[in-house]
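K.L.:
What follows is data13.txt, made up of compact mmCIF, C-alpha atoms:
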# COMPACT_ATOMS: atom_id res chain seq x y z
CA MET K 1 0.00 0.00 0.00
CA ALA K 2 1.31 3.41 -0.95
CA LEU K 3 2.12 5.73 1.93
CA ASN K 4 0.44 9.12 2.20
CA HIS K 5 2.29 12.44 2.40
CA GLU K 6 2.48 12.49 6.20
CA GLU K 7 3.82 8.92 6.35
CA VAL K 8 6.48 9.63 3.74
CA LEU K 9 7.46 12.82 5.56
CA ALA K 10 7.77 10.96 8.86
CA ARG K 11 10.16 8.43 7.30
CA LEU K 12 12.16 11.15 5.57
CA ASN K 13 12.52 12.86 8.95
CA GLY K 14 13.48 9.60 10.66
CA PRO K 15 16.89 8.20 11.61
CA ARG K 16 17.30 6.16 8.38
CA ARG K 17 16.13 8.94 6.11
CA LEU K 18 18.93 8.84 3.54
CA GLU K 19 18.41 5.10 3.11
CA TYR K 20 14.68 5.62 2.75
CA LEU K 21 15.28 8.35 0.17
CA ALA K 22 17.34 5.89 -1.89
CA GLU K 23 14.45 3.39 -1.69
CA LEU K 24 11.97 6.04 -2.83
CA MET K 25 14.16 6.91 -5.79
CA GLU K 26 14.04 3.26 -6.83
CA THR K 27 10.34 2.65 -6.28
CA GLU K 28 8.45 5.92 -6.82
CA THR K 29 7.59 7.73 -10.02
CA HIS K 30 8.97 11.22 -10.42
CA PRO K 31 7.62 14.22 -12.29
CA ALA K 32 9.63 15.42 -15.24
CA ARG K 33 12.28 17.86 -14.14
CA GLY K 34 11.27 21.34 -15.22
CA LYS K 35 13.02 24.71 -15.10
CA ASP K 36 11.79 25.72 -11.63
CA VAL K 37 14.38 26.60 -8.99
CA ASN K 38 14.32 27.43 -5.29
CA ASN K 39 17.38 28.73 -3.47
CA HIS K 40 15.84 29.33 -0.03
CA ILE K 41 14.55 26.18 1.70
CA HIS K 42 14.63 25.98 5.50
CA THR K 43 14.98 22.66 7.29
CA ILE K 44 14.70 21.34 10.84
CA TYR K 45 18.09 22.92 11.51
CA SER K 46 16.25 26.25 11.83
CA PHE K 47 12.47 25.79 11.63
CA SER K 48 10.65 23.66 9.09
CA PRO K 49 8.62 20.47 8.82
CA TYR K 50 11.40 19.08 6.60
CA SER K 51 14.72 17.44 7.39
CA PRO K 52 17.38 18.22 4.75
CA THR K 53 16.56 14.85 3.17
CA ALA K 54 12.81 15.52 3.17
CA ALA K 55 13.38 19.00 1.73
CA VAL K 56 15.33 17.53 -1.18
CA TRP K 57 12.73 14.81 -1.83
CA PHE K 58 9.77 17.17 -1.90
CA ALA K 59 11.72 19.66 -4.01
CA ARG K 60 12.43 16.85 -6.47
CA GLN K 61 8.81 15.71 -6.43
CA ALA K 62 7.68 19.28 -7.15
CA GLY K 63 9.75 19.14 -10.34
CA LEU K 64 12.48 21.55 -9.27
CA CYS K 65 15.77 21.30 -11.11
CA THR K 66 17.77 22.99 -8.34
CA CYS K 67 17.21 23.39 -4.61
CA GLY K 68 19.02 25.50 -2.03
CA LEU K 69 19.56 25.02 1.70
CA MET K 70 19.02 28.17 3.75
CA ASP K 71 18.80 27.83 7.54
CA HIS K 72 18.96 30.56 10.17
CA ASP K 73 22.38 30.88 11.86
CA SER K 74 23.19 27.28 10.94
CA ILE K 75 24.72 25.32 8.09
CA SER K 76 24.72 22.03 10.00
CA GLY K 77 22.28 20.44 7.55
CA ALA K 78 24.63 20.96 4.60
CA ASP K 79 26.29 17.54 4.48
CA GLU K 80 22.95 15.71 4.61
CA PHE K 81 21.38 18.09 2.09
CA LEU K 82 24.18 17.53 -0.43
CA LYS K 83 24.14 13.75 0.07
CA ALA K 84 20.37 13.69 -0.40
CA ALA K 85 20.65 15.81 -3.55
CA ARG K 86 23.15 13.35 -5.04
CA ILE K 87 20.80 10.44 -4.29
CA ALA K 88 17.83 12.31 -5.74
CA GLY K 89 19.71 13.53 -8.81
CA ILE K 90 18.93 17.19 -8.25
CA ALA K 91 21.35 20.12 -8.29
CA ALA K 92 21.82 21.77 -4.91
CA THR K 93 23.42 24.79 -3.28
CA ILE K 94 24.04 25.54 0.37
CA GLY K 95 23.83 28.78 2.29
CA VAL K 96 22.97 30.38 5.60
CA GLU K 97 20.59 33.17 6.60
CA CYS K 98 21.35 35.48 9.50
CA ARG K 99 20.44 38.81 11.06
CA VAL K 100 22.99 41.59 11.05
CA SER K 101 23.15 45.01 12.67
CA PHE K 102 22.89 48.20 10.63
CA ALA K 103 23.34 50.29 13.81
CA ASN K 104 26.63 51.72 12.50
CA THR K 105 25.18 52.76 9.16
CA PRO K 106 23.02 55.66 7.93
CA PHE K 107 20.01 53.32 8.26
CA VAL K 108 20.13 53.03 12.05
CA GLY K 109 16.62 53.15 13.46
CA ARG K 110 14.98 52.10 10.19
CA HIS K 111 12.88 49.00 9.72
CA LEU K 112 14.81 47.28 6.95
CA ASN K 113 13.42 43.80 6.27
CA ASN K 114 12.77 42.74 9.86
CA GLN K 115 9.26 43.23 11.21
CA ASP K 116 10.31 42.72 14.82
CA GLN K 117 13.19 45.14 15.20
CA ALA K 118 14.64 48.28 13.65
CA SER K 119 18.32 48.50 12.59
CA ILE K 120 18.46 44.71 12.09
CA ALA K 121 18.38 43.10 8.64
CA TYR K 122 18.12 39.56 7.33
CA ILE K 123 20.85 38.68 4.86
CA ALA K 124 21.93 35.46 3.16
CA LEU K 125 25.28 33.93 2.29
CA HIS K 126 24.68 31.88 -0.86
CA GLY K 127 26.90 29.42 -2.68
CA ILE K 128 29.12 28.55 0.29
CA PRO K 129 32.09 26.43 -0.86
CA HIS K 130 31.77 22.95 0.62
CA ASN K 131 35.22 23.01 2.17
CA ARG K 132 34.37 26.17 4.19
CA VAL K 133 31.30 24.80 5.97
CA ASP K 134 33.15 24.20 9.26
CA GLU K 135 34.37 27.80 9.29
CA VAL K 136 30.84 29.09 8.82
CA SER K 137 29.53 26.80 11.54
CA ALA K 138 32.22 27.98 13.96
CA PHE K 139 31.31 31.61 13.25
CA PHE K 140 27.65 31.12 14.15
CA ALA K 141 28.03 28.69 17.10
CA PRO K 142 28.53 31.35 19.80
CA ARG K 143 25.75 33.45 18.30
CA ARG K 144 23.32 30.54 18.58
CA GLU K 145 24.15 30.34 22.28
CA MET K 146 23.67 34.11 22.68
CA ARG K 147 20.34 33.75 20.93
CA ASN K 148 19.30 31.05 23.37
CA GLN K 149 19.98 33.36 26.29
CA ARG K 150 17.52 35.80 24.76
CA ASN K 151 15.12 32.97 23.89
CA ARG K 152 14.96 32.04 27.58
CA LYS K 153 14.09 35.62 28.50
CA MET K 154 11.38 35.69 25.85
CA VAL K 155 9.84 32.48 27.21
CA LEU K 156 9.70 34.13 30.65
CA ALA K 157 8.03 37.18 29.11
CA LEU K 158 5.60 34.92 27.25
CA ASN K 159 4.68 33.09 30.44
CA GLU K 160 4.00 36.38 32.18
CA LEU K 161 1.75 37.36 29.28
CA MET K 162 -0.16 34.05 29.39
CA LYS K 163 -0.22 33.64 33.19
CA SER K 164 -3.83 34.76 33.57
CA PHE K 165 -4.87 32.00 31.14
CA ASP K 166 -2.96 29.27 33.04
CA ILE K 167 -0.79 28.60 30.00
CA ALA K 168 2.98 28.28 30.40
CA VAL K 169 5.91 27.06 28.31
CA ASP K 170 9.21 25.67 29.60
CA PHE K 171 12.24 26.38 27.42
CA ASP K 172 14.15 23.18 28.21
CA ARG K 173 11.12 20.88 28.22
CA ASP K 174 8.97 22.39 25.46
CA VAL K 175 11.10 24.54 23.16
CA LEU K 176 14.58 23.04 22.94
CA PRO K 177 13.38 19.51 21.96
CA LEU K 178 11.61 21.01 18.93
CA SER K 179 14.98 22.06 17.54
CA GLU K 180 18.22 20.47 16.33
CA TYR K 181 20.27 22.61 18.70
CA GLU K 182 22.36 19.70 19.99
CA ARG K 183 23.38 18.96 16.39
CA GLY K 184 24.24 22.53 15.45
CA GLY K 185 20.79 23.86 14.64
CA SER K 186 19.34 27.16 15.78
CA VAL K 187 16.39 27.93 18.05
CA THR K 188 14.20 30.66 16.59
CA GLU K 189 11.10 32.61 17.57
CA ARG K 190 9.10 30.05 15.57
CA HIS K 191 10.20 27.30 17.98
CA ILE K 192 8.82 29.35 20.87
CA ALA K 193 5.64 29.99 18.88
CA CYS K 194 5.38 26.26 18.15
CA ALA K 195 5.73 25.34 21.82
CA LEU K 196 3.00 27.86 22.66
CA ALA K 197 0.78 26.55 19.86
CA VAL K 198 1.08 23.01 21.20
CA ARG K 199 0.29 24.17 24.74
CA MET K 200 -2.74 26.18 23.54
CA MET K 201 -4.08 23.19 21.62
CA GLU K 202 -3.63 20.96 24.68
CA THR K 203 -5.13 23.45 27.13
CA ILE K 204 -7.86 25.13 25.08
CA GLY K 205 -8.53 22.75 22.21
CA LYS K 206 -9.00 23.26 18.49
CA GLY K 207 -11.67 24.77 16.30
CA LYS K 208 -14.32 27.20 17.52
CA ILE K 209 -13.31 26.97 21.18
CA LEU K 210 -9.80 28.18 20.32
CA VAL K 211 -11.04 30.91 17.97
CA ASP K 212 -13.42 32.17 20.67
CA PHE K 213 -10.60 32.09 23.21
CA ILE K 214 -8.33 34.21 21.00
CA LYS K 215 -11.03 36.73 20.14
CA ASN K 216 -12.95 36.95 23.42
CA GLU K 217 -10.46 36.04 26.14
CA MET K 218 -7.17 37.21 24.67
CA LYS K 219 -9.00 39.98 22.77
CA LEU K 220 -6.68 39.68 19.77
CA PRO K 221 -7.60 39.88 16.08
CA LEU K 222 -7.77 37.05 13.57
CA SER K 223 -7.82 37.63 9.84
CA ALA K 224 -10.69 35.99 7.98
CA ARG K 225 -8.25 33.58 6.35
CA THR K 226 -6.61 32.54 9.63
CA GLU K 227 -9.94 32.22 11.41
CA ALA K 228 -11.17 29.88 8.69
CA TYR K 229 -8.03 27.76 9.06
CA LEU K 230 -8.39 27.54 12.85
CA LEU K 231 -12.12 26.77 12.76
CA ASP K 232 -11.33 23.61 10.77
CA GLU K 233 -10.39 21.00 13.37
CA GLU K 234 -9.37 18.59 10.59
CA ASN K 235 -6.99 21.12 9.04
CA PRO K 236 -3.74 19.13 8.51
CA PHE K 237 -1.70 22.31 8.89
CA PHE K 238 -3.50 23.50 12.03
CA ARG K 239 -0.38 23.80 14.18
CA PHE K 240 1.54 25.72 11.51
CA ASP K 241 -1.37 28.10 10.94
CA LEU K 242 -1.52 28.80 14.66
CA ILE K 243 2.25 29.36 14.69
CA ALA K 244 1.88 31.87 11.85
CA TRP K 245 -0.77 33.75 13.81
CA ILE K 246 1.38 33.79 16.96
CA LYS K 247 4.35 35.10 14.99
CA SER K 248 2.38 37.82 13.21
CA THR K 249 0.14 38.99 16.07
CA LEU K 250 1.33 37.85 19.49
CA LEU K 251 5.12 37.74 19.16
CA ARG K 252 5.60 41.49 19.44
CA GLN K 253 4.08 41.37 22.94
CA PHE K 254 6.89 39.23 24.33
CA TYR K 255 9.68 39.88 21.82
CA ILE K 256 13.02 41.05 23.22
CA ASP K 257 15.39 42.90 20.91
CA ALA K 258 18.36 40.94 19.60
CA GLU K 259 21.66 42.69 20.26
CA GLU K 260 24.93 40.82 20.80
CA GLU K 261 23.87 37.84 18.68
CA CYS K 262 23.54 40.07 15.59
CA PRO K 263 27.02 40.96 14.30
CA ASP K 264 27.75 44.17 12.49
CA VAL K 265 26.89 43.83 8.81
CA ARG K 266 30.54 44.44 7.86
CA GLU K 267 31.69 41.47 9.96
CA VAL K 268 29.44 39.05 8.07
CA LEU K 269 30.39 40.58 4.72
CA ALA K 270 34.04 40.02 5.64
CA LEU K 271 33.26 36.38 6.46
CA SER K 272 31.50 35.97 3.14
CA GLU K 273 34.46 37.34 1.19
CA ARG K 274 36.93 35.28 3.21
CA ILE K 275 35.19 31.99 2.44
CA GLY K 276 34.22 32.82 -1.14
CA ALA K 277 30.45 32.93 -0.63
CA ILE K 278 27.97 35.35 -2.23
CA SER K 279 26.45 37.86 0.18
CA ALA K 280 22.87 38.88 -0.53
CA TYR K 281 20.53 41.40 1.05
CA ALA K 282 17.01 39.94 1.34
CA TYR K 283 14.59 42.49 -0.11
CA LEU K 284 11.18 42.37 1.57
CA GLY K 285 9.41 45.56 0.51
CA ASP K 286 6.22 46.93 1.99
CA VAL K 287 3.99 44.00 2.94
CA VAL K 288 0.31 43.65 2.09
CA ASN K 289 -1.53 40.38 2.78
CA ILE K 290 1.29 37.97 1.96
CA ALA K 291 0.53 34.30 1.39
CA THR K 292 2.39 32.90 4.42
CA ALA K 293 0.28 34.97 6.89
CA ASP K 294 3.24 35.32 9.27
CA LYS K 295 3.68 39.08 8.74
CA GLN K 296 1.19 41.85 9.26
CA ASP K 297 0.85 44.63 6.73
CA GLN K 298 3.81 46.90 7.35
CA CYS K 299 6.17 49.30 5.60
CA PHE K 300 9.78 48.28 5.15
CA GLU K 301 12.45 49.48 2.68
CA ASP K 302 10.39 50.92 -0.15
CA ALA K 303 10.37 54.51 1.15
CA TYR K 304 14.18 54.73 1.04
CA LEU K 305 15.10 51.99 -1.44
CA ASP K 306 16.85 54.42 -3.81
CA ASP K 307 19.32 55.21 -1.03
CA LEU K 308 19.60 51.70 0.42
CA ILE K 309 20.57 49.76 -2.71
CA PRO K 310 23.59 51.90 -3.67
CA TYR K 311 24.69 51.80 -0.03
CA LEU K 312 24.51 48.00 -0.02
CA HIS K 313 26.72 47.97 -3.10
CA GLU K 314 29.13 50.36 -1.41
CA LEU K 315 29.29 48.12 1.67
CA GLY K 316 30.29 45.18 -0.51
CA PHE K 317 27.12 43.16 -0.96
CA ARG K 318 27.30 41.00 -4.08
CA ALA K 319 23.59 40.29 -4.55
CA VAL K 320 19.99 40.96 -3.66
CA THR K 321 17.57 38.09 -3.12
CA TYR K 322 13.83 38.49 -3.50
CA MET K 323 10.70 36.37 -3.85
CA PRO K 324 8.43 37.21 -6.80
CA PHE K 325 5.27 35.93 -5.12
CA ARG K 326 5.62 38.35 -2.17
CA ASN K 327 5.73 41.59 -4.12
CA THR K 328 3.72 43.60 -6.60
CA ARG K 329 4.89 43.93 -10.16
CA GLU K 330 5.82 47.57 -9.50
CA GLN K 331 7.94 46.60 -6.47
CA LEU K 332 9.71 43.95 -8.51
CA ARG K 333 10.30 46.29 -11.44
CA ARG K 334 11.88 48.80 -9.10
CA ILE K 335 14.17 46.43 -7.18
CA ARG K 336 15.30 44.73 -10.39
CA GLY K 337 16.09 48.08 -11.99
CA LEU K 338 18.17 49.15 -9.00
CA CYS K 339 20.04 45.83 -9.01
CA GLU K 340 20.89 46.28 -12.68
CA LYS K 341 21.97 49.87 -12.14
CA HIS K 342 24.35 48.91 -9.32
CA ALA K 343 25.57 45.58 -10.76
CA LEU K 344 24.05 43.43 -8.03
CA PHE K 345 23.44 39.75 -8.77
CA GLN K 346 19.73 38.85 -8.53
CA ILE K 347 18.79 35.63 -6.69
CA SER K 348 15.39 34.23 -5.84
CA GLY K 349 13.91 31.63 -3.54
CA GLU K 350 10.69 30.67 -1.77
CA ASP K 351 11.16 31.03 1.99
CA ILE K 352 9.98 27.48 2.76
CA ASN K 353 9.29 26.84 6.46
CA SER K 354 5.66 25.64 6.47
CA PRO K 355 3.90 22.68 4.82
CA ARG K 356 1.32 25.08 3.39
CA GLN K 357 3.95 26.63 1.10
CA PRO K 358 4.54 25.15 -2.37
CA PHE K 359 8.13 24.50 -3.40
CA VAL K 360 7.46 26.01 -6.82
CA CYS K 361 7.02 29.75 -7.20
CA GLU K 362 4.59 30.03 -10.10
CA ALA K 363 5.08 33.80 -10.22
CA GLN K 364 8.68 33.13 -11.22
CA ARG K 365 7.50 31.34 -14.36
CA ASP K 366 6.69 34.72 -15.87
CA PRO K 367 9.19 35.23 -18.75
CA ALA K 368 10.17 38.52 -17.11
CA PHE K 369 11.99 36.50 -14.44
CA ARG K 370 13.87 34.08 -16.69
CA ASN K 371 17.14 35.60 -15.46
CA LEU K 372 16.46 33.97 -12.08
CA TYR K 373 16.80 30.50 -13.63
CA ASP K 374 20.24 31.38 -14.98
CA ALA K 375 21.08 32.85 -11.56
CA ALA K 376 20.30 29.55 -9.83
CA TRP K 377 22.53 27.61 -12.19
CA ALA K 378 25.21 30.27 -11.81
CA LEU K 379 25.08 29.62 -8.07
CA ILE K 380 25.61 25.91 -8.77
CA GLY K 381 28.58 26.74 -10.99
CA HIS K 382 30.03 29.20 -8.50
CA GLU K 383 29.73 26.83 -5.54
CA ARG K 384 31.37 23.91 -7.30
CA ARG K 385 34.18 25.94 -8.83
CA ALA K 386 34.87 27.85 -5.61
CA THR K 387 35.01 24.57 -3.69
CA LEU K 388 37.79 23.41 -6.00
CA ASP K 389 39.54 26.80 -6.11
CA MET K 390 38.18 29.92 -4.42
CA GLN K 391 39.81 32.04 -7.12
CA ASP K 392 37.36 30.53 -9.62
CA GLY K 393 34.24 31.86 -7.87
CA LEU K 394 31.68 34.15 -9.49
CA PHE K 395 33.08 37.31 -7.88
CA SER K 396 36.77 36.40 -7.65
CA GLU K 397 39.30 38.80 -9.18
CA ARG K 398 40.20 36.17 -11.75
CA SER K 399 36.60 35.71 -12.88
CA VAL K 400 35.89 39.45 -12.93
CA ARG K 401 38.93 40.00 -15.13
CA GLN K 402 37.79 37.30 -17.53
CA TRP K 403 34.14 38.41 -17.64
CA PRO K 404 33.99 42.08 -16.57
CA ASP K 405 30.29 42.37 -17.35
CA LEU K 406 28.17 40.72 -14.63
CA ASN K 407 25.60 39.41 -17.10
CA ASP K 408 28.31 37.73 -19.18
CA ARG K 409 29.76 36.20 -16.02
CA ILE K 410 26.36 34.89 -14.91
CA ALA K 411 25.82 33.31 -18.33
CA ALA K 412 29.24 31.64 -18.20
CA PHE K 413 28.72 30.31 -14.67
CA SER K 414 25.22 29.13 -15.48
CA ALA K 415 26.72 27.04 -18.28
CA PHE K 416 29.42 25.76 -15.90
CA GLY K 417 26.77 24.76 -13.35
CA GLN K 418 24.67 22.84 -15.82
CA GLU K 419 27.70 21.12 -17.35
CA MET K 420 29.16 20.11 -13.96
CA PHE K 421 25.81 18.77 -12.77
CA THR K 422 25.25 16.82 -15.98
CA LYS K 423 28.59 15.06 -15.53
CA ASP K 424 27.49 13.87 -12.08
CA ILE K 425 24.25 12.18 -13.14
Let me see whether you can do it: turn the structure in this file into structure tokens.
P.N.:
Amino acid sequence: MALNHEEVLARLNGPRRLEYLAELMETETHPARGKDVNNHIHTIYSFSPYSPTAAVWFARQAGLCTCGLMDHDSISGADEFLKAARIAGIAATIGVECRVSFANTPFVGRHLNNQDQASIAYIALHGIPHNRVDEVSAFFAPRREMRNQRNRKMVLALNELMKSFDIAVDFDRDVLPLSEYERGGSVTERHIACALAVRMMETIGKGKILVDFIKNEMKLPLSARTEAYLLDEENPFFRFDLIAWIKSTLLRQFYIDAEEECPDVREVLALSERIGAISAYAYLGDVVNIATADKQDQCFEDAYLDDLIPYLHELGFRAVTYMPFRNTREQLRRIRGLCEKHALFQISGEDINSPRQPFVCEAQRDPAFRNLYDAAWALIGHERRATLDMQDGLFSERSVRQWPDLNDRIAAFSAFGQEMFTKDI
């Protein structure tokens, strides 16, 4: 009997998951590989329903031709992700996402792309050479511990907030076991939200009783979409929908600003250059009713984008990453134009951390975004070449001399990526 999605996911998250993936590749049918790419997939090493192995399998089953690992403050899933990609016959890249401080820049006090805190921005290091993974892991290890010190304080603040409802969360008992912290993973606000969601479901229940509790007892709003999700007791994504509501609506009431754990932006840019990765600012743009429901409508960089993008280039950023499904066509036209003007590499990826999110971004299939397919393959080419020799990376002096124009260089590295992958399969 064929297993359903949840049963397959459980096995792909289990202790023998790479072996099970190999069995699936032998026994299951696979969709034809298309042109779709995704460079921003979270796993259990930050917060996600997917192990690195499961992420690769479901990316392959969605018809992706490339997939990219992108966990918060952690690259500990990289070895498994790359092994799974080889088994599944899909091209893969590895990277890490982190928060950095813009306090020592002209944008201090601004909300950049972080809804929770001003002066702090999310950035990504893409295309990390495989022989520099340990260095990246060592860089973020103390910051994960600093983050946990703040996480503990937030759990205390959360418990104070929920005390009148007789709901409490214990960091060591309820939050930490949800993570892969002992294996180099990070503990994020979503882990705290998940622990609270589980406790609310146990204490209050699901469906109308929980919706009434949120609206009448907690006196907090629910969007029509979220309310419909939570009214459905058979909703297979119930816990993740409740997590999204907690993150978008309740988190700000117990959030504590991140300080020491967020290095100065220049420090992370220096790390990226030292290891031969590609640093990318994650453009968010003003938010209106986004599909993941984990952010309220809010203004971010759009009001000062004409000043921010040239400053990012001046700081030494190599790229900007954005997600076509999150933004309006006008927002995308503007950010793409600024990237072209300031010779910034454009990267895309769906920020996968919930089972409700599809691995394929259909908005990216618009011919206007065909450059993002070449960009994904250029990442593949960069990562493989830089692993063999850092001086052969996309932004190395040697490569810039050979292909001074960024578009020519991207085309060359895209061809390298496809050729190197083809030789492996």
K.L.:
Give me the residues near Asp71 of chain K as a list of chain:residue names, where near means some atom within 10 Å (using all atoms listed in the file) and where sequence neighbours in that chain fewer than 4 positions away do not count.
P.N.:
K:His40, K:Ile41, K:His42, K:Thr43, K:Ile44, K:Tyr45, K:Ser46, K:Phe47, K:Ser48, K:Ile75, K:Ser76, K:Gly77, K:Ala78, K:Ile94, K:Gly95, K:Val96, K:Glu97, K:Cys98, K:Ala124, K:Gly185, K:Ser186, K:Asp351, K:Asn353
K.L.:
Out of K:Asp36, K:Glu217, K:Glu340, K:Asp374, which residue has the shortest atom-to-atom distance to Phe416 of chain K when counting all atoms listed in the file?
P.N.:
K:Asp374
K.L.:
Report the distance between atom CA of Glu160 of chain K and atom CA of Leu242 of chain K in Å, rounded to one decimal place.
P.N.:
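These atoms are spaced 19.9 Å apart.
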K.L.:
Show me, as a VMD selection string, the residues that have an atom within 9 Å of Ala141 of chain K when counting all atoms listed in the file, minus same-chain residues fewer than 6 positions from it.
P.N.:
chain K and resid 73 to 74 184 186
K.L.:
One decimal, Å: what's the distance from atom CA of Ala168 of chain K over to atom CA of Ile192 of chain K, could you say?
P.N.:
11.2 Å
K.L.:
When you count only C-alpha atoms, which of these residues is closest to Phe213 of chain K: K:His111, K:Arg183, K:Glu145, K:Phe165?
P.N.:
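Closest candidate: K:Phe165.
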K.L.:
Could you tell me which of K:Gly127, K:Asp212, K:Glu261, K:Ala244 comes closest to Pro142 of chain K if we count only C-alpha atoms?
P.N.:
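For Pro142 of chain K, the nearest of the candidates is K:Glu261.
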K.L.:
So how many Å separate atom CA of Val56 of chain K and atom CA of Asn13 of chain K, to one decimal?
P.N.:
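Atom CA of Val56 of chain K sits 11.5 Å away from atom CA of Asn13 of chain K.
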K.L.:
Residues at most 9 Å from Met420 of chain K, counting all atoms listed in the file, excluding those fewer than 5 positions away in the same chain, as a ChimeraX atom specification?
P.N.:
/K:380-381,384,415
K.L.:
Can you pull out the residues contacting segment 355-372 of chain K? Cut-off 6 Å, using all atoms listed in the file, and skip same-chain residues under 3 positions away; I want them as a PyMOL selection string.
P.N.:
chain K and resi 324-325+375
K.L.:
List every protein, DNA or RNA residue with an atom no more than 9 Å from (2.6, 24.0, 23.8) in the file's coordinates, counting only C-alpha atoms, and format the result as number ranges by chain.
P.N.:
K: 167-170, 174-175, 192-203
